[in-house]
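Reproduced below: input-v1.txt, with compact mmCIF, C-alpha atoms.
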# COMPACT_ATOMS: atom_id res chain seq x y z
CA MET A 69 79.85 138.29 83.49
CA SER A 70 81.41 135.42 81.52
CA LYS A 71 83.25 132.68 83.37
CA ARG A 72 87.02 132.57 83.27
CA ASP A 73 88.78 129.66 81.62
CA TYR A 74 89.28 126.87 84.17
CA TYR A 75 92.93 126.44 83.22
CA GLU A 76 93.46 130.17 83.69
CA VAL A 77 91.76 130.01 87.11
CA LEU A 78 94.26 127.40 88.31
CA GLY A 79 97.20 128.98 86.50
CA ILE A 80 98.08 125.95 84.37
CA SER A 81 98.32 125.05 80.70
CA LYS A 82 95.74 122.96 78.85
CA GLY A 83 98.17 120.05 78.57
CA ALA A 84 98.81 119.87 82.35
CA SER A 85 98.96 116.38 83.88
CA ALA A 86 96.67 115.17 86.67
CA ASP A 87 99.44 115.72 89.25
CA GLU A 88 100.08 119.26 87.97
CA ILE A 89 96.36 120.03 88.17
CA LYS A 90 96.15 118.74 91.75
CA LYS A 91 99.29 120.63 92.81
CA ALA A 92 98.06 123.88 91.29
CA TYR A 93 94.63 123.49 92.91
CA ARG A 94 96.05 122.84 96.37
CA LYS A 95 98.21 125.92 96.09
CA LYS A 96 95.23 128.05 95.03
CA ALA A 97 92.94 126.60 97.72
CA LYS A 98 95.43 127.45 100.46
CA GLU A 99 95.95 130.96 99.08
CA LEU A 100 92.27 131.77 98.63
CA HIS A 101 90.61 130.03 101.58
CA PRO A 102 88.22 132.55 103.23
CA ASP A 103 89.57 131.84 106.71
CA ARG A 104 92.98 133.08 105.61
CA ASN A 105 91.65 136.11 103.70
CA ALA A 106 89.28 137.84 106.10
CA ASP A 107 90.27 141.24 104.67
CA ASN A 108 89.69 140.22 101.06
CA PRO A 109 85.99 140.43 100.10
CA ASP A 110 86.65 138.60 96.80
CA ALA A 111 88.40 135.61 98.40
CA GLU A 112 85.23 133.54 98.85
CA ALA A 113 84.19 133.95 95.22
CA GLN A 114 87.72 133.15 94.00
CA PHE A 115 87.84 130.16 96.32
CA LYS A 116 84.58 128.81 94.86
CA GLU A 117 85.83 129.48 91.36
CA ALA A 118 89.04 127.47 91.96
CA ASN A 119 87.06 124.62 93.50
CA GLU A 120 84.66 124.57 90.55
CA ALA A 121 87.57 124.52 88.08
CA TYR A 122 89.31 121.68 89.89
CA ASP A 123 86.13 119.63 90.24
CA VAL A 124 85.87 119.58 86.45
CA LEU A 125 89.55 119.20 85.52
CA LYS A 126 90.29 116.41 88.02
CA ASP A 127 87.63 114.19 86.43
CA PRO A 128 88.86 112.73 83.10
CA GLU A 129 85.34 112.60 81.59
CA LYS A 130 84.41 116.14 82.66
CA LYS A 131 87.81 117.41 81.56
CA ALA A 132 87.41 115.85 78.10
CA ALA A 133 83.96 117.44 77.75
CA TYR A 134 85.30 120.83 78.88
CA ASP A 135 88.27 120.66 76.52
CA ARG A 136 85.84 120.06 73.64
CA PHE A 137 82.87 122.29 74.46
CA GLY A 138 84.14 124.69 77.12
CA HIS A 139 81.70 125.99 79.73
CA ALA A 140 78.79 125.09 77.43
CA ALA A 141 79.32 121.44 78.38
CA PHE A 142 77.98 122.14 81.87
CA GLU A 143 75.30 124.73 81.31
CA GLY A 144 71.99 124.08 82.97
CA GLY A 145 73.38 122.90 86.28
CA MET A 146 75.67 120.15 85.02
CA GLY A 147 78.87 121.73 86.30
CA ALA A 148 80.71 121.01 89.50
CA GLY A 149 78.66 122.38 92.35
CA ALA A 150 76.59 124.55 89.96
CA ARG A 151 72.93 125.13 90.57
CA PRO A 152 70.38 125.33 87.73
CA GLY A 153 70.98 128.69 86.10
CA GLY A 154 74.68 128.74 87.15
CA GLY A 155 76.48 129.88 90.27
CA TYR A 156 76.67 128.48 93.81
CA GLY A 157 74.09 128.44 96.55
CA GLN A 158 74.66 130.42 99.72
CA GLN A 159 74.90 127.49 102.14
CA GLY A 160 74.69 123.94 100.84
CA ASP A 161 76.97 124.30 97.83
CA PHE A 162 79.61 126.31 99.69
CA ALA A 163 79.68 123.60 102.36
CA SER A 164 80.06 121.01 99.64
CA ALA A 165 82.87 123.01 98.10
CA PHE A 166 84.63 123.25 101.46
CA SER A 167 84.21 119.50 101.91
CA ASP A 168 85.87 118.93 98.52
CA VAL A 169 88.76 121.17 99.51
CA PHE A 170 89.24 119.31 102.79
CA ASP A 171 89.08 116.03 100.87
CA ASP A 172 91.78 117.04 98.44
CA LEU A 173 94.04 118.79 100.93
CA PHE A 174 93.90 116.18 103.68
CA GLY A 175 92.35 113.06 102.15
CA ASP A 176 95.67 111.46 101.24
CA PHE A 177 97.00 112.00 104.76
CA MET A 178 93.85 110.72 106.45
CA GLY A 179 93.49 107.75 104.13
CA GLN A 180 89.93 108.75 103.21
CA ARG A 181 90.03 109.39 99.49
CA GLY A 182 87.06 108.46 97.35
CA GLY A 183 86.49 104.74 97.33
CA GLY A 184 85.98 104.61 93.57
CA ARG A 185 89.62 105.64 93.12
CA SER A 186 91.03 103.41 95.84
CA ARG A 187 89.00 100.24 95.76
CA ALA A 188 92.24 98.24 95.67
CA THR A 189 93.43 99.02 99.19
CA ARG A 190 96.92 98.45 100.56
CA GLY A 191 97.43 95.57 102.95
CA SER A 192 98.29 96.11 106.59
CA ASP A 193 101.85 96.14 107.91
CA LEU A 194 102.78 93.20 110.12
CA ARG A 195 105.08 92.92 113.14
CA TYR A 196 107.12 89.85 114.03
CA ASN A 197 109.12 89.59 117.28
CA LEU A 198 112.30 87.57 116.77
CA ARG A 199 114.39 86.41 119.74
CA VAL A 200 118.08 85.67 119.09
CA THR A 201 121.00 84.69 121.30
CA LEU A 202 123.93 87.01 121.99
CA GLU A 203 126.16 84.67 119.97
CA GLU A 204 123.76 84.96 117.00
CA ALA A 205 123.74 88.74 117.37
CA TYR A 206 127.55 88.65 117.31
CA GLU A 207 127.86 86.45 114.25
CA GLY A 208 124.74 87.45 112.29
CA LEU A 209 122.64 84.73 110.70
CA GLN A 210 120.15 83.70 108.04
CA LYS A 211 116.94 82.59 109.75
CA THR A 212 113.71 81.15 108.38
CA ILE A 213 110.56 82.37 110.10
CA THR A 214 106.91 81.42 109.64
CA VAL A 215 104.50 84.35 109.47
CA PRO A 216 100.70 83.94 109.54
CA THR A 217 99.40 86.48 107.04
CA SER A 218 97.05 87.15 104.12
CA VAL A 219 98.23 86.39 100.60
CA MET A 220 96.71 87.11 97.20
CA CYS A 221 94.05 84.64 96.15
CA GLU A 222 95.47 82.66 93.25
CA THR A 223 92.02 81.54 92.07
CA CYS A 224 90.84 85.05 91.17
CA ASP A 225 94.29 86.70 90.92
CA GLY A 226 93.30 89.05 93.72
CA SER A 227 90.27 90.56 91.97
CA GLY A 228 87.75 88.99 94.36
CA ALA A 229 85.49 87.99 91.45
CA GLU A 230 84.82 84.67 89.80
CA SER A 231 86.84 84.07 86.65
CA GLY A 232 85.52 86.28 83.86
CA ALA A 233 83.30 88.36 86.18
CA GLU A 234 83.84 92.11 86.40
CA PRO A 235 83.06 94.38 89.38
CA THR A 236 80.20 96.83 88.87
CA THR A 237 79.89 100.42 90.10
CA CYS A 238 78.08 100.71 93.42
CA PRO A 239 74.60 102.21 92.75
CA THR A 240 74.42 103.89 96.16
CA CYS A 241 77.57 106.00 95.99
CA SER A 242 78.11 105.96 92.21
CA GLY A 243 81.60 104.58 92.68
CA MET A 244 82.80 107.19 95.20
CA GLY A 245 82.84 104.85 98.17
CA LYS A 246 81.17 107.45 100.38
CA VAL A 247 77.84 109.18 100.70
CA ARG A 248 77.05 112.70 101.85
CA ALA A 249 74.17 114.12 103.82
CA GLN A 250 73.43 117.85 104.15
CA GLN A 251 72.85 119.13 107.69
CA GLY A 252 72.38 122.88 107.51
CA PHE A 253 75.70 124.54 106.72
CA PHE A 254 77.69 121.31 107.11
CA THR A 255 78.06 118.32 104.85
CA VAL A 256 78.38 115.02 106.73
CA GLU A 257 80.28 112.35 104.88
CA ARG A 258 80.39 108.65 105.74
CA THR A 259 81.49 105.37 104.21
CA CYS A 260 79.01 103.90 101.78
CA PRO A 261 77.09 101.16 103.64
CA THR A 262 76.43 99.20 100.45
CA CYS A 263 80.01 98.70 99.20
CA GLN A 264 81.88 99.44 102.49
CA GLY A 265 83.86 102.19 100.80
CA MET A 266 85.09 100.14 97.83
CA GLY A 267 83.05 102.03 95.23
CA GLN A 268 82.41 98.77 93.41
CA MET A 269 80.42 95.64 94.00
CA ILE A 270 81.10 92.07 93.02
CA LYS A 271 77.99 90.18 91.94
CA ASN A 272 79.82 86.88 91.52
CA PRO A 273 82.42 86.74 94.32
CA CYS A 274 85.25 84.21 94.22
CA LYS A 275 84.27 81.09 96.14
CA VAL A 276 87.77 80.71 97.61
CA CYS A 277 88.32 84.20 99.03
CA HIS A 278 84.63 85.26 99.19
CA GLY A 279 85.29 88.47 97.28
CA GLN A 280 88.20 89.66 99.43
CA GLY A 281 90.91 88.94 96.88
CA ARG A 282 93.13 87.37 99.55
CA VAL A 283 93.25 84.30 101.79
CA GLU A 284 94.84 83.46 105.14
CA LYS A 285 98.04 81.46 104.89
CA ASP A 286 101.30 80.83 106.76
CA ARG A 287 104.36 82.01 104.86
CA ALA A 288 107.96 80.87 105.37
CA LEU A 289 110.41 83.74 104.90
CA SER A 290 114.19 83.77 104.99
CA VAL A 291 115.47 86.74 107.00
CA ASN A 292 119.02 88.06 107.02
CA ILE A 293 119.98 89.16 110.55
CA PRO A 294 123.10 91.36 110.32
CA ALA A 295 125.89 91.07 112.87
CA GLY A 296 125.66 93.59 115.70
CA VAL A 297 121.88 93.74 116.12
CA GLU A 298 120.58 94.57 119.58
CA THR A 299 117.25 94.60 121.35
CA GLY A 300 114.96 97.06 119.58
CA THR A 301 116.61 96.77 116.17
CA ARG A 302 113.93 96.86 113.47
CA ILE A 303 114.29 95.13 110.11
CA ARG A 304 111.83 96.05 107.32
CA LEU A 305 110.88 93.61 104.60
CA ALA A 306 109.05 95.64 101.96
CA GLY A 307 105.97 94.01 100.46
CA GLU A 308 106.07 91.02 102.81
CA GLY A 309 103.14 92.15 104.94
CA GLU A 310 99.45 91.46 104.48
CA ALA A 311 98.18 91.27 100.90
CA GLY A 312 96.03 94.18 99.73
CA MET A 313 92.29 94.00 99.17
CA ARG A 314 91.22 93.17 95.62
CA GLY A 315 94.64 93.39 94.04
CA GLY A 316 95.97 96.24 96.17
CA PRO A 317 99.68 96.40 97.09
CA SER A 318 100.93 94.37 100.04
CA GLY A 319 101.97 95.97 103.31
CA ASP A 320 105.41 95.61 104.87
CA LEU A 321 106.74 93.19 107.47
CA TYR A 322 108.67 94.66 110.40
CA ILE A 323 110.88 92.31 112.38
CA PHE A 324 111.74 93.51 115.88
CA ILE A 325 114.84 91.93 117.40
CA GLN A 326 115.13 90.89 121.05
CA VAL A 327 118.55 89.65 122.19
CA ALA A 328 118.31 87.14 125.04
CA GLU A 329 120.31 87.64 128.25
CA HIS A 330 123.59 85.74 128.42
CA ALA A 331 124.91 83.62 131.28
CA LEU A 332 128.42 85.11 131.13
CA PHE A 333 128.30 88.44 129.34
CA GLU A 334 126.38 91.64 129.90
CA ARG A 335 126.02 93.95 126.93
CA GLU A 336 126.33 97.73 126.91
CA GLY A 337 126.13 99.02 123.36
CA VAL A 338 129.05 97.48 121.49
CA ASN A 339 130.92 96.69 124.70
CA LEU A 340 130.69 93.53 126.79
CA HIS A 341 131.21 93.06 130.52
CA CYS A 342 132.23 89.83 132.20
CA ARG A 343 132.43 89.43 135.98
CA VAL A 344 135.20 86.95 136.85
CA PRO A 345 135.57 85.55 140.41
CA VAL A 346 139.17 85.12 141.66
CA SER A 347 140.40 83.60 144.88
CA MET A 348 141.68 85.74 147.71
CA THR A 349 145.20 84.37 147.29
CA SER A 350 145.20 84.93 143.50
CA ALA A 351 144.10 88.53 144.02
CA ALA A 352 146.78 89.02 146.69
CA LEU A 353 149.67 87.29 144.88
CA GLY A 354 148.66 88.06 141.28
CA GLY A 355 148.82 85.65 138.40
CA ASP A 356 147.25 84.72 135.06
CA ILE A 357 143.70 83.59 134.36
CA GLU A 358 141.86 82.52 131.19
CA VAL A 359 138.56 84.22 130.36
CA PRO A 360 136.02 83.32 127.61
CA THR A 361 135.24 85.64 124.69
CA ILE A 362 131.96 85.94 122.79
CA ASP A 363 133.46 84.44 119.64
CA GLY A 364 134.05 81.18 121.53
CA GLY A 365 137.74 81.75 122.11
CA ARG A 366 139.88 82.34 125.19
CA SER A 367 142.02 85.25 126.32
CA ARG A 368 144.74 85.19 128.97
CA VAL A 369 144.53 88.04 131.46
CA LYS A 370 147.24 88.99 133.96
CA ILE A 371 145.98 89.88 137.43
CA PRO A 372 148.22 92.40 139.21
CA ALA A 373 149.20 91.52 142.78
CA GLY A 374 146.98 93.19 145.37
CA SER A 375 143.94 93.49 143.08
CA GLN A 376 140.68 94.43 144.77
CA SER A 377 137.08 93.53 143.93
CA GLY A 378 135.67 95.73 141.19
CA ARG A 379 138.97 96.24 139.39
CA GLN A 380 138.43 96.29 135.60
CA MET A 381 140.71 95.27 132.77
CA ARG A 382 139.98 95.92 129.11
CA LEU A 383 140.39 93.54 126.20
CA ARG A 384 140.39 95.69 123.06
CA GLY A 385 138.26 94.58 120.12
CA LYS A 386 136.69 91.65 121.99
CA GLY A 387 133.21 93.21 122.19
CA MET A 388 130.28 93.26 119.74
CA PRO A 389 130.56 94.34 116.09
CA ALA A 390 129.17 97.75 115.19
CA LEU A 391 125.85 97.37 113.34
CA ARG A 392 126.31 100.33 111.01
CA GLY A 393 130.04 100.82 111.03
CA HIS A 394 133.39 99.11 111.24
CA GLY A 395 135.27 97.41 114.02
CA HIS A 396 134.24 95.95 117.35
CA GLY A 397 133.69 97.20 120.85
CA ASP A 398 135.76 96.15 123.87
CA MET A 399 135.34 93.56 126.56
CA TYR A 400 135.76 94.55 130.21
CA ILE A 401 136.81 92.02 132.84
CA GLU A 402 135.65 92.90 136.35
CA LEU A 403 137.34 91.06 139.20
CA ALA A 404 135.26 89.73 142.08
CA VAL A 405 137.57 88.66 144.92
CA GLU A 406 135.96 85.64 146.57
CA THR A 407 136.09 85.03 150.32
CA PRO A 408 136.61 81.32 151.11
CA VAL A 409 133.78 79.48 152.87
CA ASN A 410 133.42 76.17 154.78
CA LEU A 411 136.91 76.43 156.26
CA THR A 412 138.54 73.50 158.03
CA GLY A 413 140.11 73.85 161.44
CA LYS A 414 143.58 73.93 159.94
CA GLN A 415 142.58 76.65 157.45
CA LYS A 416 141.13 78.79 160.24
CA GLU A 417 144.34 78.52 162.27
CA LEU A 418 146.43 79.50 159.26
CA LEU A 419 144.21 82.49 158.49
CA LYS A 420 144.36 83.71 162.09
CA GLU A 421 148.12 83.43 162.02
CA PHE A 422 148.16 85.23 158.67
CA GLU A 423 145.98 88.01 160.08
CA LYS A 424 148.43 88.64 162.92
CA LEU A 425 151.26 88.95 160.43
CA SER A 426 149.39 91.18 157.95
CA GLU A 427 148.28 94.21 159.93
CA GLU A 428 150.34 96.47 157.68
CA ASN A 429 149.21 94.74 154.48
CA ASN A 430 145.69 96.20 154.51
CA PRO A 431 146.21 99.94 153.93
CA GLU A 432 142.57 100.69 153.17
CA SER A 433 141.31 99.04 156.36
CA HIS A 434 144.05 100.70 158.40
CA SER A 435 143.14 104.12 157.00
CA PHE A 436 139.41 103.58 157.53
CA PHE A 437 139.67 102.56 161.18
CA ASN A 438 142.02 105.45 161.92
CA LYS A 439 139.31 107.77 160.61
CA VAL A 440 136.72 105.99 162.76
CA LYS A 441 138.90 106.42 165.86
CA SER A 442 139.31 110.14 165.13
CA PHE A 443 135.54 110.47 164.66
CA TRP A 444 134.77 108.86 168.02
CA ASP A 445 137.44 110.93 169.79
CA GLY A 446 135.91 114.04 168.32
CA MET A 447 132.47 113.05 169.57
CA LYS A 448 133.82 112.56 173.08
CA GLY A 449 135.47 115.97 172.99
Can you turn what I pasted into structure tokens?
Amino acid sequence: MSKRDYYEVLGISKGASADEIKKAYRKKAKELHPDRNADNPDAEAQFKEANEAYDVLKDPEKKAAYDRFGHAAFEGGMGAGARPGGGYGQQGDFASAFSDVFDDLFGDFMGQRGGGRSRATRGSDLRYNLRVTLEEAYEGLQKTITVPTSVMCETCDGSGAESGAEPTTCPTCSGMGKVRAQQGFFTVERTCPTCQGMGQMIKNPCKVCHGQGRVEKDRALSVNIPAGVETGTRIRLAGEGEAGMRGGPSGDLYIFIQVAEHALFEREGVNLHCRVPVSMTSAALGGDIEVPTIDGGRSRVKIPAGSQSGRQMRLRGKGMPALRGHGHGDMYIELAVETPVNLTGKQKELLKEFEKLSEENNPESHSFFNKVKSFWDGMKG
């Protein structure tokens, strides 16, 4: 029985792009995988057929040969996974086919694609913890930070090779960056020990970066901290992370904000709280007090006569700015009535006299002790 056209197997046209070929193959592989088609006796053969077609069409050189000569280009065991005489083996080649499917379906997610196609690896992301004051979080600021990182080697322009030298294909893995070993039904795959997964080797490495394509260096970066940031806010600087290996793209830099505790204000979202001590007489008689605001200003607050500890008053719009919105939060003043200490003899006499004259001026105490008296009388009864 003659083989079907590889393009027909994957359901694509001859002019399909590499992305279209990959997309079509993944769809077919998921549809035809034997584990998902236990009731279809032809699924395994169709699965192998799709894998064979993709193994040829994904490789530019094999694809060019197939487009020119058709299946004749791979007769005699030269095809993808084909044995001499054509067809697949019963164990080893099916395992290899399954390994290829796993590679293509999950390789991008796992970061384990063939080294020959990804020798220029992306640099790592970096984290920088930045501590700011509450005033800085209120105003926002432009801050210069120094980040120890890896940058592209200027001597070799990130290639890792001496000027004029070109990397050569690794002889152990033939540029794939990984080697396979057959163990019964399974194919065990591991990183190539010769090129460490790069797929290429540098015979004349750069003397500055020793073939890495990057060097360690401190970088000064200017960071814009927006008004309203709070502890845990994350700022991403794309491409400001560690330089990639051998010309690969740089990672990102993530700045994590920590807002320091303040001596006067306590933050709760966009709102601020300020605990203000007032004298016993000011709380009793009432009056005006001046309180600080986070912008460095002052606000006058009127204390109602007879105010108790814990009473709160709100100053609208005197809190923190909203990070991703408009307007400001509020500021809450909490009164803390202060009991005088270190009294003189004269002050004690005056307070005792005041206490005798103010039995009816403490309604909460009067009510509480009446309840206590009723409780004790009830216990006696």
Spatial neighbours of Asp73 (chain A), 12 Å, all atoms listed in the file, chain gap at least 6 places, as a PyMOL selection string: chain A and resi 79-82+117-118+120-122+124-125+134-135+137-140
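Atom pair CA of Ala84 (chain A) / CA of Lys71 (chain A): separated by 20.2 Å.
Of the residues under consideration (A:Ala328, A:Gly387, A:Val405, A:Leu289), A:Val405 shows the shortest atom-to-atom contact distance to Val344 (chain A) when counting only C-alpha atoms.
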Could you list, as an mmCIF file with C-alpha atoms, keeping the file's coordinate frame, every residue within 7 Å of Glu308 (chain A), counting all atoms listed in the file and ignoring same-chain residues fewer than 4 positions away?
data_model
loop_
_atom_site.group_PDB
_atom_site.id
_atom_site.type_symbol
_atom_site.label_atom_id
_atom_site.label_comp_id
_atom_site.auth_asym_id
_atom_site.auth_seq_id
_atom_site.Cartn_x
_atom_site.Cartn_y
_atom_site.Cartn_z
ATOM 1 C CA SER A 318 100.930 94.370 100.040
ATOM 2 C CA GLY A 319 101.970 95.970 103.310
ATOM 3 C CA ASP A 320 105.410 95.610 104.870
ATOM 4 C CA LEU A 321 106.740 93.190 107.470
#
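Of note, CA of Ala92 (chain A) and CA of Phe115 (chain A) are spaced 13.0 Å apart.
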- prompt: Closest to Ser377 (chain A) among A:Arg343, A:Lys439, A:Lys414, A:Arg287, using all atoms listed in the file?
  reply: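 When distances to Ser377 (chain A) are compared using all atoms listed in the file, the smallest one comes from A:Arg343.
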- request: To one decimal in Å, tell me the separation between CA of Thr240 (chain A) and CA of Cys260 (chain A).
  value: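 We find that CA of Thr240 (chain A) and CA of Cys260 (chain A) lie 7.3 Å from each other.
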message: Around (131.1, 96.8, 123.2), as given in the file, which residues come within 7 Å? Count all atoms listed in the file and list them as an NGL selection string.
response: :A and (335-340 or 387-388 or 396-399)
message: Just want the 12 Å neighbourhood of Gln380 (chain A), counted on all atoms listed in the file, with same-chain residues fewer than 5 positions away dropped. Output as a ChimeraX atom specification.
response: /A:341-344,369-372,375,399-404
message: Could you check the closest approach to Val291 (chain A) for each of A:Met266, A:Gly208, A:Arg368, A:Gly226 and tell me which residue wins, using all atoms listed in the file?
response: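 Of A:Met266, A:Gly208, A:Arg368, A:Gly226, the one nearest Val291 (chain A) is A:Gly208, counting all atoms listed in the file.
Proximity of A:Glu421, A:Glu298, A:Glu358, A:Glu129 to Leu198 (chain A), computed with all atoms listed in the file, is greatest for A:Glu298.
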Residue among A:Ala111, A:Gly385, A:Ser242, A:Lys126 lying closest to Asp87 (chain A), counting all atoms listed in the file: A:Lys126
task: Mind checking which residues fall within 6 Å of Ile323 (chain A), counting all atoms listed in the file, ignoring those fewer than 4 positions away in the same chain, and posting them as a PyMOL selection string?
output: chain A and resi 195-197+302-303
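Ranking A:Ala295, A:Val283, A:Ser218, A:Glu88 by their shortest atom-to-atom distance to Gly393 (chain A), with all atoms listed in the file included, puts A:Ala295 first.
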task: Identify, on the basis of all atoms listed in the file, every residue whose closest approach to Arg190 (chain A) does not exceed 9 Å; exclude the query and any residue fewer than 4 positions from it along the same chain; express the result as an MDAnalysis selection string.
output: chainID A and resid 310:313 315:319
